[in-house]
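Structure file query_2.txt; described as compact mmCIF, C-alpha atoms.
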```txt
# COMPACT_ATOMS: atom_id res chain seq x y z
CA ARG A 1 0.00 0.00 0.00
CA GLN A 2 2.81 2.43 0.82
CA LEU A 3 4.45 1.78 -2.55
CA ALA A 4 1.14 2.17 -4.33
CA ASP A 5 0.44 5.46 -2.55
CA LYS A 6 3.80 6.72 -3.81
CA ASN A 7 2.88 5.64 -7.35
CA VAL A 8 5.89 3.36 -7.57
CA ALA A 9 5.91 1.79 -11.03
CA GLY A 10 4.16 -1.55 -11.20
CA MET A 11 2.77 -1.44 -7.66
CA LYS A 12 -0.50 0.46 -8.03
CA GLU A 13 -2.33 -2.63 -9.28
CA TYR A 14 -1.70 -4.38 -5.94
CA GLU A 15 -3.29 -1.66 -3.78
CA HIS A 16 -6.80 -3.07 -3.93
CA ARG A 17 -5.63 -6.58 -3.12
CA ALA A 18 -3.66 -5.23 -0.17
CA LEU A 19 -6.70 -3.32 1.14
CA GLU A 20 -8.90 -6.39 0.86
CA THR A 21 -6.42 -8.60 2.74
CA LEU A 22 -5.78 -5.98 5.42
CA GLY A 23 -9.51 -5.55 6.02
CA LEU A 24 -10.01 -9.28 6.38
CA ALA A 25 -7.18 -9.50 8.91
CA GLN A 26 -8.74 -6.70 10.99
CA ASP A 27 -12.11 -8.46 10.91
CA ARG A 28 -10.61 -11.76 12.05
CA LEU A 29 -9.01 -9.91 14.96
CA GLY A 30 -12.41 -8.50 15.93
CA ARG A 31 -11.58 -4.91 14.87
CA PHE A 32 -14.78 -4.43 12.90
CA SER A 33 -14.80 -0.63 12.65
CA GLU A 34 -11.27 -0.60 11.27
CA ALA A 35 -12.13 -3.38 8.82
CA ILE A 36 -15.21 -1.52 7.56
CA ASP A 37 -13.24 1.72 7.11
CA ILE A 38 -10.63 -0.11 5.04
CA MET A 39 -13.33 -1.64 2.84
CA SER A 40 -14.84 1.79 2.29
CA GLN A 41 -11.42 2.91 1.05
CA LEU A 42 -11.39 -0.06 -1.32
CA VAL A 43 -14.86 0.70 -2.67
CA ASP A 44 -14.04 4.39 -3.22
CA SER A 45 -10.66 3.67 -4.81
CA SER A 46 -12.14 1.01 -7.09
CA ARG A 47 -14.88 3.34 -8.26
CA ASN A 48 -12.31 6.05 -9.01
CA GLU A 49 -10.34 3.52 -11.08
CA SER A 50 -13.52 2.11 -12.74
CA ASP A 51 -12.52 -1.24 -11.28
CA LYS A 52 -15.80 -3.16 -10.99
CA LEU A 53 -14.11 -6.28 -9.69
CA GLY A 54 -12.43 -4.40 -6.85
CA GLU A 55 -15.67 -2.55 -6.10
CA GLY A 56 -17.59 -5.83 -5.87
CA TRP A 57 -15.12 -7.40 -3.46
CA GLY A 58 -15.11 -4.23 -1.38
CA LEU A 59 -18.90 -4.23 -1.16
CA LEU A 60 -18.88 -7.90 -0.22
CA SER A 61 -16.43 -7.48 2.64
CA ARG A 62 -18.02 -4.26 3.87
CA GLY A 63 -21.33 -6.11 4.07
CA TYR A 64 -19.86 -9.16 5.79
CA PHE A 65 -17.96 -7.05 8.33
CA SER A 66 -21.04 -4.88 8.97
CA TRP A 67 -22.89 -8.08 9.89
CA HIS A 68 -20.25 -8.83 12.50
CA ALA A 69 -20.45 -5.24 13.80
CA GLY A 70 -24.24 -5.43 14.25
CA ASP A 71 -25.21 -3.06 11.42
CA TRP A 72 -27.48 -5.48 9.62
CA ASP A 73 -29.07 -2.79 7.45
CA SER A 74 -25.66 -1.89 6.01
CA ALA A 75 -24.81 -5.58 5.68
CA SER A 76 -27.90 -6.24 3.59
CA ALA A 77 -27.42 -3.17 1.37
CA ASN A 78 -23.75 -3.92 0.66
CA LEU A 79 -24.28 -7.63 0.01
CA GLU A 80 -27.18 -6.91 -2.37
CA ALA A 81 -25.00 -4.35 -4.18
CA CYS A 82 -22.18 -6.89 -4.46
CA LEU A 83 -24.57 -9.49 -5.87
CA ALA A 84 -25.78 -7.00 -8.50
CA THR A 85 -22.18 -6.11 -9.40
CA ALA A 86 -21.17 -9.77 -9.74
CA ARG A 87 -24.06 -10.43 -12.09
CA GLU A 88 -23.36 -7.24 -14.04
CA ILE A 89 -19.77 -8.26 -14.79
CA GLY A 90 -20.61 -11.96 -15.15
CA SER A 91 -18.42 -13.17 -12.28
CA ASP A 92 -19.79 -16.55 -11.17
CA TYR A 93 -16.97 -16.81 -8.64
CA MET A 94 -17.90 -13.53 -6.94
CA GLU A 95 -21.63 -14.25 -7.05
CA VAL A 96 -21.52 -17.21 -4.66
CA TYR A 97 -20.11 -15.08 -1.82
CA PRO A 98 -23.00 -12.61 -1.36
CA LEU A 99 -25.47 -15.47 -1.85
CA GLY A 100 -23.95 -17.34 1.09
CA HIS A 101 -23.71 -14.32 3.37
CA LEU A 102 -27.22 -13.07 2.54
CA GLY A 103 -28.49 -16.56 3.33
CA LEU A 104 -27.03 -16.30 6.84
CA LEU A 105 -28.51 -12.83 7.35
CA HIS A 106 -31.97 -14.06 6.32
CA ALA A 107 -31.58 -17.09 8.58
CA GLN A 108 -30.99 -14.86 11.58
CA LEU A 109 -33.84 -12.51 10.65
CA GLY A 110 -36.06 -15.59 10.61
CA THR A 111 -35.87 -15.72 14.42
CA PHE A 112 -38.01 -12.56 14.39
CA ASP A 113 -40.11 -13.36 11.33
CA ALA A 114 -40.22 -16.99 10.13
CA SER A 115 -41.17 -15.87 6.63
CA TYR A 116 -37.45 -15.16 6.08
CA TRP A 117 -36.48 -18.81 6.45
CA PRO A 118 -37.61 -20.14 3.04
CA GLY A 119 -35.66 -17.33 1.38
CA ALA A 120 -32.61 -18.12 3.48
CA SER A 121 -32.73 -21.75 2.45
CA GLN A 122 -33.14 -20.81 -1.22
CA LEU A 123 -30.16 -18.43 -1.13
CA LEU A 124 -27.92 -21.01 0.54
CA GLU A 125 -28.94 -23.85 -1.77
CA GLU A 126 -28.28 -21.58 -4.76
CA CYS A 127 -24.88 -20.74 -3.30
CA LYS A 128 -23.99 -24.42 -2.92
CA ALA A 129 -25.20 -25.24 -6.41
CA LYS A 130 -22.98 -22.55 -7.92
CA ALA A 131 -19.96 -22.92 -5.62
CA LEU A 132 -18.40 -26.03 -7.14
CA PRO A 133 -18.78 -24.97 -10.82
CA ALA A 134 -17.24 -21.63 -9.80
CA ALA A 135 -14.36 -23.48 -8.09
CA SER A 136 -15.16 -21.93 -4.71
CA LYS A 137 -14.54 -24.64 -2.14
CA GLU A 138 -14.50 -21.95 0.53
CA MET A 139 -18.11 -20.93 -0.11
CA ASP A 140 -19.19 -24.55 -0.53
CA SER A 141 -18.08 -25.05 3.06
CA LYS A 142 -19.52 -21.72 4.22
CA ALA A 143 -22.91 -22.43 2.64
CA SER A 144 -23.08 -25.80 4.40
CA GLN A 145 -22.09 -24.10 7.65
CA ASN A 146 -24.82 -21.48 7.19
CA LEU A 147 -27.37 -24.17 6.35
CA ALA A 148 -26.43 -25.88 9.62
CA HIS A 149 -27.07 -22.60 11.45
CA LEU A 150 -30.43 -22.23 9.70
CA MET A 151 -31.50 -25.77 10.61
CA LEU A 152 -30.40 -25.16 14.21
CA LEU A 153 -32.57 -22.04 14.42
CA MET A 154 -35.50 -23.99 12.98
CA GLY A 155 -35.02 -26.83 15.47
CA ARG A 156 -34.16 -29.40 12.79
CA LEU A 157 -31.15 -30.79 14.61
CA GLN A 158 -30.47 -33.90 12.56
CA GLU A 159 -30.23 -31.82 9.38
CA ALA A 160 -28.10 -29.25 11.20
CA ARG A 161 -25.71 -32.01 12.30
CA ALA A 162 -25.39 -33.34 8.74
CA HIS A 163 -24.72 -29.90 7.26
CA VAL A 164 -22.11 -28.95 9.84
CA LYS A 165 -20.29 -32.26 9.32
CA GLU A 166 -20.12 -31.57 5.59
CA ALA A 167 -18.90 -28.02 6.23
CA LEU A 168 -16.26 -29.23 8.69
CA ASP A 169 -14.96 -31.92 6.33
CA LEU A 170 -14.58 -29.32 3.56
CA ALA A 171 -12.85 -26.84 5.89
CA ILE A 172 -10.39 -29.49 7.08
CA ALA A 173 -9.66 -30.52 3.49
CA MET A 174 -8.86 -26.88 2.65
CA SER A 175 -6.72 -26.45 5.80
CA HIS A 176 -8.85 -23.39 6.65
CA PRO A 177 -8.48 -22.99 10.45
CA TYR A 178 -10.97 -20.13 10.82
CA TYR A 179 -13.74 -22.14 9.16
CA VAL A 180 -12.72 -25.26 11.07
CA ALA A 181 -13.07 -23.37 14.37
CA ASP A 182 -16.45 -21.90 13.40
CA CYS A 183 -17.80 -25.29 12.25
CA LEU A 184 -16.74 -26.88 15.54
CA ARG A 185 -18.49 -24.07 17.42
CA ILE A 186 -21.74 -24.60 15.51
CA ALA A 187 -21.46 -28.35 16.11
CA GLY A 188 -21.24 -27.54 19.82
CA CYS A 189 -24.38 -25.40 19.57
CA VAL A 190 -26.26 -28.26 17.89
CA GLU A 191 -25.30 -30.72 20.63
CA THR A 192 -26.22 -28.16 23.31
CA ALA A 193 -29.67 -27.84 21.77
CA GLU A 194 -29.89 -31.65 21.74
CA GLY A 195 -28.97 -31.76 25.44
CA ASP A 196 -25.79 -33.78 24.91
CA TYR A 197 -23.58 -31.49 27.00
CA GLU A 198 -20.55 -33.78 27.09
CA ARG A 199 -20.34 -33.94 23.32
CA ALA A 200 -21.07 -30.21 23.04
CA ALA A 201 -18.23 -29.42 25.43
CA GLN A 202 -15.81 -31.45 23.32
CA PHE A 203 -16.71 -29.45 20.21
CA PHE A 204 -16.36 -26.11 22.00
CA GLU A 205 -12.98 -27.08 23.43
CA ARG A 206 -11.69 -28.06 19.98
CA SER A 207 -13.06 -24.84 18.50
CA LEU A 208 -11.47 -22.68 21.17
CA SER A 209 -8.14 -24.45 20.81
CA THR A 210 -8.17 -23.74 17.07
CA CYS A 211 -9.26 -20.10 17.14
CA ILE A 212 -6.99 -19.14 20.05
CA GLY A 213 -4.10 -20.41 17.94
CA ILE A 214 -4.95 -17.97 15.12
CA SER A 215 -5.92 -15.01 17.37
CA ALA A 216 -9.54 -15.04 16.13
CA ARG A 217 -10.91 -13.04 19.09
CA TYR A 218 -14.50 -12.90 17.85
CA LEU A 219 -14.72 -16.69 17.57
CA VAL A 220 -13.06 -17.07 20.97
CA ALA A 221 -15.81 -14.87 22.46
CA ARG A 222 -18.57 -16.88 20.82
CA GLY A 223 -16.96 -20.16 21.81
CA GLN A 224 -16.67 -19.09 25.44
CA SER A 225 -20.33 -18.02 25.34
CA GLY A 226 -21.26 -21.50 24.13
CA ARG A 227 -19.16 -23.10 26.84
CA TYR A 228 -20.96 -20.99 29.46
CA GLU A 229 -24.39 -21.97 28.08
CA ILE A 230 -23.52 -25.61 28.78
CA ALA A 231 -22.41 -24.77 32.33
CA ALA A 232 -25.58 -22.73 32.94
CA SER A 233 -27.80 -25.56 31.72
CA ARG A 234 -26.08 -27.97 34.11
CA ALA A 235 -26.36 -25.51 37.02
CA ARG A 236 -30.14 -25.22 36.60
CA SER A 237 -30.56 -28.89 37.39
CA ASP A 238 -27.57 -29.46 39.70
CA GLU A 239 -26.81 -27.07 42.56
CA ALA A 240 -23.28 -28.47 42.80
CA ALA A 241 -22.55 -27.16 39.29
CA GLN A 242 -23.30 -23.53 40.14
CA GLY A 243 -19.69 -22.72 41.03
CA SER A 244 -18.45 -23.99 37.69
CA ALA A 245 -21.17 -22.00 35.93
CA MET A 246 -20.03 -18.82 37.66
CA ASP A 247 -16.44 -19.42 36.55
CA ALA A 248 -17.59 -20.03 32.96
CA PHE A 249 -19.71 -16.86 33.10
CA VAL A 250 -16.71 -14.74 34.14
CA ASP A 251 -14.47 -16.32 31.49
CA ALA A 252 -17.09 -15.69 28.81
CA LEU A 253 -17.50 -12.02 29.74
CA ASP A 254 -13.72 -11.54 29.72
CA ALA A 255 -13.48 -13.06 26.23
CA ALA A 256 -16.45 -11.02 24.94
CA GLU A 257 -15.04 -7.61 25.89
CA GLY A 258 -15.57 -5.31 22.91
CA PHE A 259 -18.29 -7.52 21.35
CA PRO A 260 -21.62 -6.19 22.70
CA GLY A 261 -23.73 -8.68 20.76
CA VAL A 262 -21.95 -11.59 22.46
CA VAL A 263 -22.09 -9.82 25.84
CA ALA A 264 -25.88 -9.50 25.48
CA VAL A 265 -26.22 -13.25 24.86
CA ILE A 266 -24.05 -14.10 27.88
CA HIS A 267 -26.10 -11.93 30.26
CA ARG A 268 -29.31 -13.31 28.78
CA THR A 269 -28.13 -16.84 29.52
CA ARG A 270 -27.19 -15.80 33.06
CA ALA A 271 -30.68 -14.34 33.61
CA TYR A 272 -32.27 -17.64 32.61
CA GLU A 273 -29.88 -19.59 34.82
CA LEU A 274 -30.75 -17.52 37.91
CA MET A 275 -34.45 -16.80 37.38
CA GLU A 276 -35.69 -19.32 39.97
CA VAL A 277 -32.84 -19.28 42.51
CA ASP A 278 -32.05 -15.54 42.48
CA PRO A 279 -34.82 -13.46 40.81
CA LEU A 280 -33.28 -10.09 41.72
CA ASN A 281 -29.97 -11.00 40.09
CA SER A 282 -31.87 -12.39 37.11
CA VAL A 283 -33.51 -8.99 36.63
CA ASP A 284 -30.13 -7.30 36.83
CA GLN A 285 -28.69 -9.67 34.22
CA ILE A 286 -31.45 -9.06 31.69
CA GLY A 287 -30.96 -5.33 32.21
CA ARG A 288 -27.27 -5.77 31.45
CA ALA A 289 -28.19 -7.79 28.36
CA MET A 290 -30.35 -4.96 27.11
CA ASP A 291 -27.64 -2.40 27.89
CA ALA A 292 -25.25 -4.35 25.68
CA ALA A 293 -27.91 -4.94 23.02
CA LEU A 294 -28.59 -1.21 22.73
CA ASN A 295 -24.95 -0.85 21.70
CA PHE A 296 -25.23 -3.59 19.06
CA ASN A 297 -28.41 -3.43 16.97
CA ARG A 298 -32.17 -3.12 17.30
CA PHE A 299 -32.71 -6.81 16.62
CA ALA A 300 -30.55 -7.67 19.62
CA VAL A 301 -32.80 -5.47 21.77
CA VAL A 302 -35.88 -7.27 20.46
CA SER A 303 -34.20 -10.63 21.05
CA ALA A 304 -33.30 -9.76 24.65
CA VAL A 305 -36.80 -8.48 25.44
CA SER A 306 -38.58 -11.38 23.74
CA TYR A 307 -36.40 -13.95 25.50
CA PHE A 308 -37.04 -12.26 28.82
CA SER A 309 -40.81 -12.07 28.30
CA GLN A 310 -41.01 -15.74 27.33
CA LYS A 311 -38.43 -17.36 29.62
CA VAL A 312 -37.72 -15.21 32.66
CA LEU A 313 -40.61 -12.87 33.37
CA PRO A 314 -43.21 -15.56 34.20
CA ALA A 315 -40.88 -16.88 36.92
CA LEU A 316 -41.07 -13.50 38.65
CA ALA A 317 -44.85 -13.63 39.10
CA ASN A 318 -44.57 -14.42 42.81
CA SER A 319 -41.58 -12.21 43.54
CA ALA A 320 -42.72 -8.69 44.41
CA PRO A 321 -39.14 -7.52 45.19
CA ALA A 322 -37.97 -8.69 41.76
CA ARG A 323 -40.87 -6.92 40.04
CA SER A 324 -40.08 -3.75 41.98
CA GLU A 325 -36.40 -3.98 41.06
CA LEU A 326 -37.31 -4.59 37.43
CA THR A 327 -39.44 -1.45 37.39
CA VAL A 328 -36.55 0.62 38.72
CA ARG A 329 -34.13 -1.06 36.34
CA MET A 330 -36.30 -0.34 33.31
CA GLN A 331 -36.66 3.31 34.31
CA GLN A 332 -32.89 3.63 34.54
CA LEU A 333 -32.15 1.53 31.48
CA ILE A 334 -34.27 3.11 28.79
CA SER A 335 -34.19 6.88 29.05
CA SER A 336 -34.35 7.52 25.30
CA ASP A 337 -37.24 9.56 23.93
CA GLU A 338 -37.17 7.67 20.63
CA PRO A 339 -40.73 6.48 19.89
CA GLY A 340 -40.02 2.75 19.86
CA ILE A 341 -38.01 2.81 23.09
CA ALA A 342 -40.51 5.11 24.81
CA ASP A 343 -43.45 2.86 23.92
CA LEU A 344 -41.53 -0.17 25.15
CA ARG A 345 -40.78 1.51 28.48
CA HIS A 346 -44.35 2.74 28.99
CA GLN A 347 -46.04 -0.60 28.37
CA TYR A 348 -43.41 -2.55 30.29
CA LEU A 349 -43.75 -0.38 33.40
CA SER A 350 -47.53 -0.03 33.38
CA ASP A 351 -48.06 -3.79 33.32
CA LEU A 352 -45.37 -4.42 35.93
CA GLU A 353 -47.09 -1.99 38.29
CA SER A 354 -50.30 -3.98 38.07
CA ALA A 355 -48.29 -7.25 38.29
CA THR A 356 -50.27 -8.75 35.40
CA VAL A 357 -47.45 -10.90 34.14
CA PRO A 358 -49.29 -12.69 31.29
CA LEU A 359 -50.56 -9.33 30.03
CA CYS A 360 -47.05 -7.93 30.36
CA CYS A 361 -45.74 -10.63 28.04
CA VAL A 362 -48.37 -9.78 25.45
CA SER A 363 -47.66 -6.07 25.78
CA LEU A 364 -43.95 -6.65 25.34
CA GLU A 365 -44.55 -8.41 22.05
CA THR A 366 -46.66 -5.44 20.92
CA ALA A 367 -44.26 -2.82 22.25
CA ILE A 368 -41.20 -4.15 20.48
CA GLN A 369 -42.78 -3.97 17.04
CA PRO A 370 -41.87 -0.28 16.50
CA LEU A 371 -38.24 -1.25 16.99
CA MET A 372 -38.46 -3.64 14.07
CA SER A 373 -39.21 -0.83 11.62
CA ALA A 374 -37.09 1.85 13.27
CA ASP A 375 -33.88 3.07 11.71
CA SER A 376 -30.49 2.01 13.00
CA SER A 377 -30.01 5.00 15.28
CA THR A 378 -33.26 4.17 17.07
```

As structure tokens:
Amino acid sequence: RQLADKNVAGMKEYEHRALETLGLAQDRLGRFSEAIDIMSQLVDSSRNESDKLGEGWGLLSRGYFSWHAGDWDSASANLEACLATAREIGSDYMEVYPLGHLGLLHAQLGTFDASYWPGASQLLEECKAKALPAASKEMDSKASQNLAHLMLLMGRLQEARAHVKEALDLAIAMSHPYYVADCLRIAGCVETAEGDYERAAQFFERSLSTCIGISARYLVARGQSGRYEIAASRARSDEAAQGSAMDAFVDALDAAEGFPGVVAVIHRTRAYELMEVDPLNSVDQIGRAMDAALNFNRFAVVSAVSYFSQKVLPALANSAPARSELTVRMQQLISSDEPGIADLRHQYLSDLESATVPLCCVSLETAIQPLMSADSST
């Protein structure tokens, strides 16, 4: 890049490749803002040079990194633009990448609106169908990995297990440690959902060993979160396991520093773990989850609130101190005057005051809807 900036003969052509590689390295290290800024440089430089290929790859990476950073609106816009560019220039190789990443985005959106799931499946199947003819083993593995994630979200665990095995085999064959680590993590999530905690723990340990070796901080954070979910599940049924769960909780938070989306998930898991044995602490944990979610994206806020209304709040029906603490916590937590947040606060508090927990759950589902259509700043 330095040589290209100085217009050294023969080096300018490598600038875009250098930017792309540098951005990917920053993303793998968990430095999402830096990675996105570098990709914006690539997009702008490519457009100035009328380099459609460079522009397409820049849009792709900017979209993928925006997904990691929690800006799903930007992720969608950039990935759609990359897909259009790939088709405009006839690059089958480039086309499979936005297809695979858009499939994952739609899979995650399906947790809020199940109508996204058929589209997610279609995008990922199209990606797989085009990956091998385009000689993209990387996206063949990634599409299988994303299909595993989709099946996990839909509760189709046998299919999830089959897809993640295929993805892992491909990643190992390519000697791609980042994909190997992520596949092992997803395999751990599948076994956790199945209730096979011993097998899940083995997958998470293998994943963490791999991603620690390549300094993939974001995957380390997600792996530690998965490890804590296992410990929390054990602690809910075995009082003797509570000490180990606390240790895993602390380790997970340490690893997740700087990743608010992961932090929100960890606190949400802690709230569920404690809801029957320590309601007041459970309330505090869900508040912390929402604090972190507000710094990630609006869908994370909705996820935290929905999880709380369905899993935790009913357990507080007979705990007046916990309801009182929750009221205070909500007043402190959400001070924004943005319409969606204000409506959420008003309905949450009014139903808590009357202690009508079932009604509160219904009102929460109604109150969070404005957040779904709000812009990113809201």

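Going from CA of Pro260 in chain A to CA of Ser244 in chain A covers 23.5 Å.
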
Query raised in the report: Could you work out how far CA of Val250 in chain A lies from CA of Leu168 in chain A, giving the answer in Å with one decimal?
Result: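 These two atoms are separated by 29.3 Å.
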
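CA of Ile266 in chain A lies 22.1 Å from CA of Met151 in chain A.
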
Interface rows for range 141-165 of chain A against range 107-124 of chain A: nearest pair, Å to one decimal, 7 Å, all atoms listed in the file, as a Markdown table:
```
| residue | atom | partner | partner_atom | distance |
| --- | --- | --- | --- | --- |
| A:Ala143 | CA | A:Leu124 | CA | 5.6 |
| A:Leu147 | CA | A:Leu124 | CA | 6.6 |
| A:Leu150 | CA | A:Ala107 | CA | 5.4 |
```

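Restricting the calculation to only C-alpha atoms, the smallest distance between Arg298 in chain A and any of A:Trp72, A:Met246, A:Gly258, A:Ser50 is found for A:Trp72.
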
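Nearest residue to Leu219 in chain A among A:Glu49, A:Glu166, A:Asp182, A:Glu15 is A:Asp182, counting all atoms listed in the file.
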